[in-house]
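Visitor: My structure is stored as final13.tsv, with TSV, N, CA and C atoms.
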chain	number	residue	atom	x	y	z
A	1	MET	N	-40.21	89.05	-87.10
A	1	MET	CA	-38.92	89.45	-87.60
A	1	MET	C	-39.10	90.48	-88.72
A	2	THR	N	-38.39	91.59	-88.61
A	2	THR	CA	-38.47	92.64	-89.62
A	2	THR	C	-37.55	92.32	-90.77
A	3	GLU	N	-38.07	92.46	-91.97
A	3	GLU	CA	-37.28	92.24	-93.18
A	3	GLU	C	-37.13	93.57	-93.93
A	4	HIS	N	-36.14	93.63	-94.81
A	4	HIS	CA	-35.86	94.86	-95.55
A	4	HIS	C	-35.89	94.58	-97.05
A	5	ALA	N	-36.36	95.55	-97.79
A	5	ALA	CA	-36.39	95.47	-99.25
A	5	ALA	C	-35.98	96.82	-99.82
A	6	THR	N	-35.19	96.80	-100.89
A	6	THR	CA	-34.74	98.04	-101.53
A	6	THR	C	-34.75	97.87	-103.03
A	7	GLY	N	-34.76	99.00	-103.72
A	7	GLY	CA	-34.66	98.96	-105.17
A	7	GLY	C	-35.16	100.25	-105.80
A	8	PRO	N	-35.03	100.35	-107.10
A	8	PRO	CA	-35.52	101.53	-107.82
A	8	PRO	C	-36.99	101.34	-108.22
A	9	PHE	N	-37.63	102.44	-108.56
A	9	PHE	CA	-38.95	102.35	-109.15
A	9	PHE	C	-39.17	103.53	-110.09
A	10	ASP	N	-40.03	103.31	-111.06
A	10	ASP	CA	-40.45	104.35	-112.00
A	10	ASP	C	-41.87	104.73	-111.65
A	11	VAL	N	-42.18	106.01	-111.77
A	11	VAL	CA	-43.53	106.47	-111.48
A	11	VAL	C	-44.01	107.38	-112.60
A	12	LYS	N	-45.26	107.19	-112.98
A	12	LYS	CA	-45.92	108.07	-113.95
A	12	LYS	C	-47.10	108.72	-113.23
A	13	LEU	N	-47.12	110.04	-113.23
A	13	LEU	CA	-48.22	110.79	-112.65
A	13	LEU	C	-49.03	111.40	-113.79
A	14	ALA	N	-50.33	111.27	-113.72
A	14	ALA	CA	-51.19	111.84	-114.75
A	14	ALA	C	-52.26	112.70	-114.07
A	15	PRO	N	-52.27	114.00	-114.38
A	15	PRO	CA	-53.29	114.88	-113.80
A	15	PRO	C	-54.69	114.37	-114.15
A	16	GLN	N	-55.59	114.45	-113.18
A	16	GLN	CA	-56.98	114.05	-113.35
A	16	GLN	C	-57.88	115.25	-113.10
A	17	LYS	N	-58.96	115.32	-113.79
A	17	LYS	CA	-59.91	116.41	-113.59
A	17	LYS	C	-60.56	116.27	-112.21
A	18	ALA	N	-60.65	117.37	-111.50
A	18	ALA	CA	-61.28	117.37	-110.18
A	18	ALA	C	-62.78	117.13	-110.32
A	19	ASP	N	-63.35	116.39	-109.39
A	19	ASP	CA	-64.80	116.20	-109.38
A	19	ASP	C	-65.52	117.49	-109.05
A	20	ASN	N	-64.85	118.35	-108.28
A	20	ASN	CA	-65.43	119.62	-107.85
A	20	ASN	C	-64.62	120.76	-108.46
A	21	PRO	N	-65.14	121.47	-109.45
A	21	PRO	CA	-64.39	122.54	-110.11
A	21	PRO	C	-63.91	123.63	-109.15
A	22	GLN	N	-64.67	123.90	-108.07
A	22	GLN	CA	-64.24	124.91	-107.11
A	22	GLN	C	-63.00	124.47	-106.36
A	23	ALA	N	-62.87	123.16	-106.08
A	23	ALA	CA	-61.67	122.65	-105.40
A	23	ALA	C	-60.45	122.84	-106.30
A	24	GLU	N	-60.59	122.52	-107.57
A	24	GLU	CA	-59.48	122.67	-108.52
A	24	GLU	C	-59.05	124.14	-108.62
A	25	ALA	N	-60.00	125.05	-108.66
A	25	ALA	CA	-59.71	126.47	-108.77
A	25	ALA	C	-59.01	127.01	-107.52
A	26	SER	N	-59.20	126.34	-106.37
A	26	SER	CA	-58.60	126.84	-105.13
A	26	SER	C	-57.21	126.26	-104.86
A	27	GLY	N	-56.68	125.43	-105.76
A	27	GLY	CA	-55.33	124.90	-105.59
A	27	GLY	C	-55.25	123.41	-105.34
A	28	HIS	N	-56.38	122.74	-105.22
A	28	HIS	CA	-56.37	121.29	-105.04
A	28	HIS	C	-56.00	120.61	-106.36
A	29	GLY	N	-55.31	119.49	-106.27
A	29	GLY	CA	-54.97	118.72	-107.45
A	29	GLY	C	-55.28	117.25	-107.23
A	30	ARG	N	-55.45	116.54	-108.32
A	30	ARG	CA	-55.70	115.09	-108.26
A	30	ARG	C	-54.89	114.44	-109.37
A	31	MET	N	-54.21	113.35	-109.03
A	31	MET	CA	-53.37	112.65	-110.01
A	31	MET	C	-53.58	111.15	-109.89
A	32	SER	N	-53.41	110.46	-111.01
A	32	SER	CA	-53.35	109.00	-110.96
A	32	SER	C	-51.88	108.61	-110.87
A	33	LEU	N	-51.61	107.52	-110.17
A	33	LEU	CA	-50.25	106.99	-110.00
A	33	LEU	C	-50.14	105.67	-110.74
A	34	ASP	N	-49.02	105.46	-111.41
A	34	ASP	CA	-48.73	104.20	-112.08
A	34	ASP	C	-47.25	103.93	-111.84
A	35	LYS	N	-46.94	102.90	-111.04
A	35	LYS	CA	-45.54	102.64	-110.67
A	35	LYS	C	-45.11	101.24	-111.09
A	36	ARG	N	-43.80	101.12	-111.30
A	36	ARG	CA	-43.17	99.82	-111.55
A	36	ARG	C	-41.97	99.72	-110.62
A	37	PHE	N	-42.07	98.80	-109.62
A	37	PHE	CA	-41.00	98.58	-108.65
A	37	PHE	C	-40.06	97.49	-109.15
A	38	GLN	N	-38.77	97.67	-108.87
A	38	GLN	CA	-37.76	96.67	-109.21
A	38	GLN	C	-36.91	96.41	-107.97
A	39	GLY	N	-36.06	95.40	-108.03
A	39	GLY	CA	-35.23	95.07	-106.88
A	39	GLY	C	-35.90	94.00	-106.05
A	40	ASP	N	-35.87	94.17	-104.72
A	40	ASP	CA	-36.46	93.18	-103.83
A	40	ASP	C	-37.97	93.09	-103.98
A	41	LEU	N	-38.60	94.19	-104.35
A	41	LEU	CA	-40.03	94.23	-104.62
A	41	LEU	C	-40.20	94.33	-106.13
A	42	GLU	N	-40.69	93.26	-106.75
A	42	GLU	CA	-40.97	93.24	-108.18
A	42	GLU	C	-42.48	93.36	-108.32
A	43	ALA	N	-42.94	94.57	-108.65
A	43	ALA	CA	-44.38	94.80	-108.60
A	43	ALA	C	-44.78	96.00	-109.45
A	44	THR	N	-46.07	96.09	-109.67
A	44	THR	CA	-46.67	97.28	-110.27
A	44	THR	C	-47.67	97.83	-109.26
A	45	SER	N	-48.01	99.10	-109.41
A	45	SER	CA	-49.04	99.66	-108.54
A	45	SER	C	-49.82	100.72	-109.28
A	46	GLN	N	-51.05	100.89	-108.84
A	46	GLN	CA	-51.91	101.95	-109.34
A	46	GLN	C	-52.53	102.62	-108.14
A	47	GLY	N	-52.73	103.94	-108.25
A	47	GLY	CA	-53.34	104.65	-107.14
A	47	GLY	C	-53.80	106.03	-107.52
A	48	GLU	N	-54.24	106.76	-106.50
A	48	GLU	CA	-54.69	108.14	-106.69
A	48	GLU	C	-54.08	109.02	-105.61
A	49	MET	N	-53.77	110.24	-105.99
A	49	MET	CA	-53.17	111.21	-105.09
A	49	MET	C	-53.98	112.49	-105.12
A	50	LEU	N	-54.21	113.05	-103.94
A	50	LEU	CA	-54.81	114.38	-103.80
A	50	LEU	C	-53.73	115.30	-103.24
A	51	SER	N	-53.66	116.52	-103.75
A	51	SER	CA	-52.61	117.43	-103.29
A	51	SER	C	-53.14	118.86	-103.20
A	52	PHE	N	-52.37	119.67	-102.51
A	52	PHE	CA	-52.66	121.10	-102.44
A	52	PHE	C	-51.34	121.84	-102.37
A	53	MET	N	-51.14	122.78	-103.27
A	53	MET	CA	-49.95	123.62	-103.25
A	53	MET	C	-50.38	125.02	-102.83
A	54	THR	N	-49.66	125.59	-101.87
A	54	THR	CA	-50.00	126.93	-101.40
A	54	THR	C	-49.46	127.97	-102.37
A	55	GLY	N	-49.69	129.23	-102.07
A	55	GLY	CA	-49.17	130.32	-102.89
A	55	GLY	C	-47.67	130.52	-102.72
A	56	THR	N	-47.07	129.87	-101.73
A	56	THR	CA	-45.63	129.95	-101.51
A	56	THR	C	-44.97	128.81	-102.26
A	57	LYS	N	-44.03	129.13	-103.13
A	57	LYS	CA	-43.35	128.11	-103.95
A	57	LYS	C	-42.75	127.02	-103.05
A	58	GLY	N	-43.07	125.75	-103.39
A	58	GLY	CA	-42.50	124.61	-102.69
A	58	GLY	C	-43.22	124.21	-101.41
A	59	SER	N	-44.35	124.85	-101.10
A	59	SER	CA	-45.10	124.48	-99.89
A	59	SER	C	-46.43	123.85	-100.27
A	60	GLY	N	-46.74	122.74	-99.61
A	60	GLY	CA	-47.99	122.06	-99.89
A	60	GLY	C	-48.03	120.71	-99.20
A	61	ALA	N	-49.02	119.91	-99.58
A	61	ALA	CA	-49.20	118.59	-98.96
A	61	ALA	C	-49.88	117.65	-99.94
A	62	TYR	N	-49.74	116.34	-99.66
A	62	TYR	CA	-50.44	115.35	-100.48
A	62	TYR	C	-50.81	114.15	-99.62
A	63	VAL	N	-51.83	113.43	-100.07
A	63	VAL	CA	-52.19	112.13	-99.53
A	63	VAL	C	-52.44	111.22	-100.74
A	64	ALA	N	-52.20	109.93	-100.57
A	64	ALA	CA	-52.42	109.00	-101.67
A	64	ALA	C	-52.68	107.60	-101.13
A	65	ILE	N	-53.35	106.80	-101.94
A	65	ILE	CA	-53.56	105.38	-101.68
A	65	ILE	C	-53.17	104.65	-102.97
A	66	GLU	N	-52.38	103.58	-102.82
A	66	GLU	CA	-52.03	102.79	-104.00
A	66	GLU	C	-52.10	101.30	-103.70
A	67	LYS	N	-52.47	100.53	-104.70
A	67	LYS	CA	-52.50	99.07	-104.59
A	67	LYS	C	-51.29	98.51	-105.31
A	68	VAL	N	-50.46	97.76	-104.56
A	68	VAL	CA	-49.23	97.16	-105.07
A	68	VAL	C	-49.48	95.67	-105.30
A	69	THR	N	-49.13	95.18	-106.50
A	69	THR	CA	-49.33	93.78	-106.84
A	69	THR	C	-48.04	93.21	-107.41
A	70	GLY	N	-47.55	92.11	-106.81
A	70	GLY	CA	-46.32	91.51	-107.32
A	70	GLY	C	-45.71	90.54	-106.33
A	71	THR	N	-44.35	90.51	-106.31
A	71	THR	CA	-43.63	89.59	-105.44
A	71	THR	C	-42.67	90.37	-104.53
A	72	LEU	N	-42.52	89.85	-103.32
A	72	LEU	CA	-41.63	90.42	-102.32
A	72	LEU	C	-41.14	89.29	-101.43
A	73	GLY	N	-39.83	89.10	-101.37
A	73	GLY	CA	-39.29	88.04	-100.53
A	73	GLY	C	-39.79	86.66	-100.90
A	74	GLY	N	-40.00	86.43	-102.19
A	74	GLY	CA	-40.47	85.13	-102.65
A	74	GLY	C	-41.96	84.90	-102.46
A	75	ARG	N	-42.66	85.91	-101.98
A	75	ARG	CA	-44.11	85.82	-101.77
A	75	ARG	C	-44.85	86.60	-102.84
A	76	LYS	N	-46.09	86.17	-103.14
A	76	LYS	CA	-46.90	86.84	-104.16
A	76	LYS	C	-48.21	87.32	-103.57
A	77	GLY	N	-48.72	88.41	-104.12
A	77	GLY	CA	-50.01	88.92	-103.70
A	77	GLY	C	-50.08	90.41	-103.93
A	78	SER	N	-50.96	91.06	-103.17
A	78	SER	CA	-51.10	92.51	-103.26
A	78	SER	C	-51.27	93.08	-101.86
A	79	PHE	N	-51.04	94.39	-101.74
A	79	PHE	CA	-51.26	95.12	-100.49
A	79	PHE	C	-51.45	96.58	-100.83
A	80	LEU	N	-51.98	97.33	-99.88
A	80	LEU	CA	-52.25	98.75	-100.08
A	80	LEU	C	-51.27	99.60	-99.28
A	81	LEU	N	-50.87	100.74	-99.88
A	81	LEU	CA	-50.02	101.71	-99.21
A	81	LEU	C	-50.78	103.02	-99.03
A	82	GLN	N	-50.61	103.63	-97.87
A	82	GLN	CA	-51.18	104.94	-97.57
A	82	GLN	C	-50.03	105.94	-97.46
A	83	HIS	N	-50.13	107.05	-98.21
A	83	HIS	CA	-49.10	108.10	-98.22
A	83	HIS	C	-49.62	109.37	-97.56
A	84	SER	N	-48.71	110.10	-96.92
A	84	SER	CA	-49.00	111.43	-96.40
A	84	SER	C	-47.69	112.21	-96.45
A	85	GLY	N	-47.71	113.41	-97.05
A	85	GLY	CA	-46.48	114.19	-97.16
A	85	GLY	C	-46.73	115.68	-97.05
A	86	THR	N	-45.76	116.39	-96.50
A	86	THR	CA	-45.83	117.85	-96.36
A	86	THR	C	-44.50	118.45	-96.78
A	87	MET	N	-44.56	119.53	-97.57
A	87	MET	CA	-43.38	120.27	-97.99
A	87	MET	C	-43.49	121.71	-97.46
A	88	ASN	N	-42.36	122.23	-96.99
A	88	ASN	CA	-42.29	123.62	-96.51
A	88	ASN	C	-41.18	124.32	-97.28
A	89	ARG	N	-41.57	125.13	-98.28
A	89	ARG	CA	-40.62	125.87	-99.10
A	89	ARG	C	-39.54	124.98	-99.69
A	90	GLY	N	-39.98	123.85	-100.21
A	90	GLY	CA	-39.08	122.94	-100.89
A	90	GLY	C	-38.42	121.90	-100.00
A	91	VAL	N	-38.66	121.96	-98.69
A	91	VAL	CA	-38.07	120.99	-97.77
A	91	VAL	C	-39.16	120.01	-97.33
A	92	ASN	N	-38.85	118.72	-97.49
A	92	ASN	CA	-39.79	117.68	-97.09
A	92	ASN	C	-39.79	117.61	-95.56
A	93	THR	N	-40.85	118.11	-94.92
A	93	THR	CA	-40.91	118.13	-93.46
A	93	THR	C	-41.61	116.92	-92.87
A	94	HIS	N	-42.38	116.21	-93.68
A	94	HIS	CA	-43.08	115.01	-93.22
A	94	HIS	C	-43.34	114.12	-94.43
A	95	HIS	N	-43.03	112.84	-94.28
A	95	HIS	CA	-43.36	111.90	-95.35
A	95	HIS	C	-43.56	110.54	-94.72
A	96	SER	N	-44.72	109.97	-94.93
A	96	SER	CA	-45.04	108.67	-94.36
A	96	SER	C	-45.71	107.81	-95.43
A	97	VAL	N	-45.21	106.59	-95.58
A	97	VAL	CA	-45.84	105.60	-96.46
A	97	VAL	C	-45.97	104.33	-95.64
A	98	THR	N	-47.20	103.90	-95.39
A	98	THR	CA	-47.48	102.80	-94.48
A	98	THR	C	-48.34	101.74	-95.16
A	99	VAL	N	-48.04	100.47	-94.88
A	99	VAL	CA	-48.91	99.38	-95.34
A	99	VAL	C	-50.21	99.47	-94.56
A	100	ILE	N	-51.34	99.49	-95.25
A	100	ILE	CA	-52.64	99.55	-94.59
A	100	ILE	C	-52.92	98.19	-93.94
A	101	PRO	N	-53.23	98.19	-92.64
A	101	PRO	CA	-53.46	96.92	-91.93
A	101	PRO	C	-54.52	96.07	-92.61
A	102	ASP	N	-54.26	94.77	-92.64
A	102	ASP	CA	-55.18	93.76	-93.19
A	102	ASP	C	-55.50	93.95	-94.67
A	103	SER	N	-54.61	94.66	-95.40
A	103	SER	CA	-54.84	94.85	-96.83
A	103	SER	C	-54.14	93.79	-97.68
A	104	GLY	N	-53.27	92.98	-97.08
A	104	GLY	CA	-52.52	91.98	-97.83
A	104	GLY	C	-53.38	90.83	-98.31
A	105	THR	N	-53.13	90.39	-99.56
A	105	THR	CA	-53.84	89.23	-100.11
A	105	THR	C	-52.84	88.11	-100.37
A	106	LEU	N	-53.34	86.92	-100.52
A	106	LEU	CA	-52.54	85.72	-100.81
A	106	LEU	C	-51.39	85.61	-99.82
A	107	ASP	N	-50.13	85.56	-100.29
A	107	ASP	CA	-48.98	85.40	-99.41
A	107	ASP	C	-48.71	86.62	-98.53
A	108	PHE	N	-49.37	87.75	-98.81
A	108	PHE	CA	-49.14	88.96	-98.02
A	108	PHE	C	-50.17	89.15	-96.90
A	109	ALA	N	-50.99	88.14	-96.64
A	109	ALA	CA	-51.91	88.23	-95.50
A	109	ALA	C	-51.08	88.46	-94.24
A	110	GLY	N	-51.46	89.45	-93.45
A	110	GLY	CA	-50.73	89.76	-92.21
A	110	GLY	C	-49.54	90.68	-92.41
A	111	LEU	N	-49.35	91.22	-93.63
A	111	LEU	CA	-48.22	92.12	-93.90
A	111	LEU	C	-48.41	93.45	-93.16
A	112	SER	N	-47.32	93.93	-92.56
A	112	SER	CA	-47.29	95.27	-91.99
A	112	SER	C	-45.93	95.88	-92.33
A	113	GLY	N	-45.86	97.20	-92.28
A	113	GLY	CA	-44.57	97.83	-92.54
A	113	GLY	C	-44.71	99.24	-93.04
A	114	SER	N	-43.57	99.76	-93.48
A	114	SER	CA	-43.52	101.13	-93.98
A	114	SER	C	-42.49	101.20	-95.10
A	115	MET	N	-42.58	102.26	-95.88
A	115	MET	CA	-41.69	102.45	-97.02
A	115	MET	C	-41.15	103.87	-97.00
A	116	LYS	N	-39.88	103.99	-97.28
A	116	LYS	CA	-39.26	105.30	-97.45
A	116	LYS	C	-39.01	105.49	-98.94
A	117	ILE	N	-39.41	106.65	-99.46
A	117	ILE	CA	-39.20	106.97	-100.86
A	117	ILE	C	-38.04	107.95	-100.96
A	118	ILE	N	-37.08	107.64	-101.82
A	118	ILE	CA	-35.91	108.49	-102.02
A	118	ILE	C	-35.93	109.02	-103.44
A	119	VAL	N	-35.80	110.34	-103.57
A	119	VAL	CA	-35.72	110.97	-104.89
A	119	VAL	C	-34.34	111.58	-105.02
A	120	ALA	N	-33.54	111.05	-105.93
A	120	ALA	CA	-32.17	111.53	-106.15
A	120	ALA	C	-32.20	112.90	-106.86
A	121	PRO	N	-31.10	113.64	-106.76
A	121	PRO	CA	-31.04	114.94	-107.44
A	121	PRO	C	-31.34	114.86	-108.94
A	122	ASP	N	-31.05	113.70	-109.56
A	122	ASP	CA	-31.34	113.54	-110.99
A	122	ASP	C	-32.79	113.15	-111.25
A	123	GLY	N	-33.61	113.04	-110.18
A	123	GLY	CA	-35.03	112.74	-110.33
A	123	GLY	C	-35.36	111.26	-110.27
A	124	LYS	N	-34.36	110.38	-110.20
A	124	LYS	CA	-34.63	108.95	-110.14
A	124	LYS	C	-35.15	108.58	-108.75
A	125	HIS	N	-36.11	107.63	-108.73
A	125	HIS	CA	-36.76	107.21	-107.50
A	125	HIS	C	-36.26	105.84	-107.04
A	126	SER	N	-36.18	105.67	-105.72
A	126	SER	CA	-35.91	104.36	-105.14
A	126	SER	C	-36.70	104.25	-103.83
A	127	TYR	N	-36.75	103.03	-103.30
A	127	TYR	CA	-37.49	102.78	-102.07
A	127	TYR	C	-36.65	101.97	-101.10
A	128	GLU	N	-36.95	102.11	-99.83
A	128	GLU	CA	-36.44	101.26	-98.76
A	128	GLU	C	-37.67	100.86	-97.96
A	129	MET	N	-37.90	99.57	-97.84
A	129	MET	CA	-39.10	99.09	-97.15
A	129	MET	C	-38.70	98.20	-95.99
A	130	GLU	N	-39.34	98.42	-94.85
A	130	GLU	CA	-39.22	97.53	-93.70
A	130	GLU	C	-40.58	96.88	-93.51
A	131	TYR	N	-40.60	95.56	-93.38
A	131	TYR	CA	-41.89	94.88	-93.29
A	131	TYR	C	-41.78	93.62	-92.48
A	132	SER	N	-42.92	93.14	-92.04
A	132	SER	CA	-42.99	91.84	-91.38
A	132	SER	C	-44.33	91.21	-91.70
A	133	LEU	N	-44.38	89.90	-91.56
A	133	LEU	CA	-45.60	89.13	-91.80
A	133	LEU	C	-46.01	88.47	-90.51
A	134	ALA	N	-47.20	88.77	-90.04
A	134	ALA	CA	-47.74	88.15	-88.85
A	134	ALA	C	-48.23	86.76	-89.21
A	135	ALA	N	-48.24	85.89	-88.22
A	135	ALA	CA	-48.79	84.55	-88.46
A	135	ALA	C	-50.27	84.70	-88.81
A	136	SER	N	-50.76	83.83	-89.66
A	136	SER	CA	-52.18	83.89	-90.07
A	136	SER	C	-53.07	83.71	-88.85
A	137	VAL	N	-54.16	84.46	-88.86
A	137	VAL	CA	-55.10	84.40	-87.73
A	137	VAL	C	-56.19	83.40	-88.00
Please rewrite the model in this file as structure tokens.
Guide:
Amino acid sequence: MTEHATGPFDVKLAPQKADNPQAEASGHGRMSLDKRFQGDLEATSQGEMLSFMTGTKGSGAYVAIEKVTGTLGGRKGSFLLQHSGTMNRGVNTHHSVTVIPDSGTLDFAGLSGSMKIIVAPDGKHSYEMEYSLAASV
């Protein structure tokens, strides 16, 4: 059975020094993620994001992995999210946030699903998550 979760979240991005100075000089970026989810998902998360912005304003891509720890639907534990996004001249042409299979701990063992991230014109963030829990193997 698929369940739904929604709510706001705050995110702090902090630029990180690239391990490879040539990558940084060519347009690659690296950031740490620090999030606080509210609503149906009461959790914090930490992660890392790699990005690349082209010479055309608003065009680029990013990938990220984050570990979410907290409560969802009365369950406690942690799980990992994988992000992939592409922008074309300011238009979001692809955005995917997926629960990494078999990453759930404690009550989240068997968790699968995806998350949609919404950014309002005022810059506030919210999420919509669809998820399910498989029976323990």
Visitor: Calculated over all atoms listed in the file, which of the candidates A:Ala120, A:Met31, A:Ile100, A:Met87 has the smallest distance to Gly60 (chain A)?
Guide: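 Residue with the minimum atom-to-atom distance to Gly60 (chain A): A:Met87.
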Visitor: Report the residues of region 47-108 of chain A whose backbone DSSP state falls under strand (DSSP E), written as a ChimeraX atom specification.
Guide: /A:47-53,60-72,75-88,91-99
Visitor: For region 21-75 of chain A against region 125-128 of chain A, with a cut-off of 12 Å and counting only C-alpha atoms, what is the closest atom pair and its distance in Å to one decimal for every residue that makes the cut, ordered by chain and number, as a tab-separated table?
Guide:
residue	atom	partner	partner_atom	distance
A:Lys35	CA	A:His125	CA	10.4
A:Arg36	CA	A:His125	CA	10.6
A:Phe37	CA	A:Ser126	CA	8.5
A:Gln38	CA	A:Ser126	CA	8.9
A:Gly39	CA	A:Tyr127	CA	9.4
A:Asp40	CA	A:Glu128	CA	9.5
A:Leu41	CA	A:Tyr127	CA	9.3
A:Glu42	CA	A:Tyr127	CA	11.9
Visitor: Would you mind reading off the distance between atom N of Ala109 (chain A) and atom C of Gln46 (chain A), one decimal, in Å?
Guide: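 Going from atom N of Ala109 (chain A) over to atom C of Gln46 (chain A), I get 18.6 Å.
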Visitor: Hey, what's within 10 Å of His95 (chain A) if we count only C-alpha atoms and toss same-chain stuff fewer than 3 positions away? As a VMD selection string, please?
Guide: chain A and resid 61 to 63 83 to 87 92 115 to 117
Visitor: Could you state the separation of atom C of Leu80 (chain A) and CA of Ser132 (chain A) in Å, given to one decimal place?
Guide: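 Taking atom C of Leu80 (chain A) and CA of Ser132 (chain A), their separation equals 13.8 Å.
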Visitor: Might you pull out every residue within 5 Å of Thr98 (chain A), with only N, CA and C atoms counted and same-chain residues fewer than 3 positions away left off, and present them as a VMD selection string?
Guide: chain A and resid 81 to 82 113 to 115
Visitor: Quick one: residues within 12 Å of Ala18 (chain A), only C-alpha atoms, excluding same-chain residues fewer than 2 positions away - as a CSV table (one decimal) with N, CA and C atoms, in the frame of the given file?
Guide:
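Resulting contents of selection_12.csv:
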chain,number,residue,atom,x,y,z
A,15,PRO,N,-52.3,114.0,-114.4
A,15,PRO,CA,-53.3,114.9,-113.8
A,15,PRO,C,-54.7,114.4,-114.2
A,16,GLN,N,-55.6,114.4,-113.2
A,16,GLN,CA,-57.0,114.0,-113.4
A,16,GLN,C,-57.9,115.2,-113.1
A,20,ASN,N,-64.8,118.4,-108.3
A,20,ASN,CA,-65.4,119.6,-107.8
A,20,ASN,C,-64.6,120.8,-108.5
A,21,PRO,N,-65.1,121.5,-109.4
A,21,PRO,CA,-64.4,122.5,-110.1
A,21,PRO,C,-63.9,123.6,-109.2
A,22,GLN,N,-64.7,123.9,-108.1
A,22,GLN,CA,-64.2,124.9,-107.1
A,22,GLN,C,-63.0,124.5,-106.4
A,23,ALA,N,-62.9,123.2,-106.1
A,23,ALA,CA,-61.7,122.6,-105.4
A,23,ALA,C,-60.4,122.8,-106.3
A,24,GLU,N,-60.6,122.5,-107.6
A,24,GLU,CA,-59.5,122.7,-108.5
A,24,GLU,C,-59.0,124.1,-108.6
A,25,ALA,N,-60.0,125.0,-108.7
A,25,ALA,CA,-59.7,126.5,-108.8
A,25,ALA,C,-59.0,127.0,-107.5
A,26,SER,N,-59.2,126.3,-106.4
A,26,SER,CA,-58.6,126.8,-105.1
A,26,SER,C,-57.2,126.3,-104.9
A,27,GLY,N,-56.7,125.4,-105.8
A,27,GLY,CA,-55.3,124.9,-105.6
A,27,GLY,C,-55.2,123.4,-105.3
A,28,HIS,N,-56.4,122.7,-105.2
A,28,HIS,CA,-56.4,121.3,-105.0
A,28,HIS,C,-56.0,120.6,-106.4
A,29,GLY,N,-55.3,119.5,-106.3
A,29,GLY,CA,-55.0,118.7,-107.4
A,29,GLY,C,-55.3,117.2,-107.2
A,30,ARG,N,-55.4,116.5,-108.3
A,30,ARG,CA,-55.7,115.1,-108.3
A,30,ARG,C,-54.9,114.4,-109.4
A,31,MET,N,-54.2,113.4,-109.0
A,31,MET,CA,-53.4,112.6,-110.0
A,31,MET,C,-53.6,111.2,-109.9
A,32,SER,N,-53.4,110.5,-111.0
A,32,SER,CA,-53.4,109.0,-111.0
A,32,SER,C,-51.9,108.6,-110.9
A,48,GLU,N,-54.2,106.8,-106.5
A,48,GLU,CA,-54.7,108.1,-106.7
A,48,GLU,C,-54.1,109.0,-105.6
A,49,MET,N,-53.8,110.2,-106.0
A,49,MET,CA,-53.2,111.2,-105.1
A,49,MET,C,-54.0,112.5,-105.1
A,50,LEU,N,-54.2,113.0,-103.9
A,50,LEU,CA,-54.8,114.4,-103.8
A,50,LEU,C,-53.7,115.3,-103.2
A,51,SER,N,-53.7,116.5,-103.8
A,51,SER,CA,-52.6,117.4,-103.3
A,51,SER,C,-53.1,118.9,-103.2
Visitor: Quick one: pick out all helix (DSSP H, G or I) residues within chain A from a backbone DSSP run and write them as an MDAnalysis selection string.
Guide: chainID A and resid 21:25 106:108
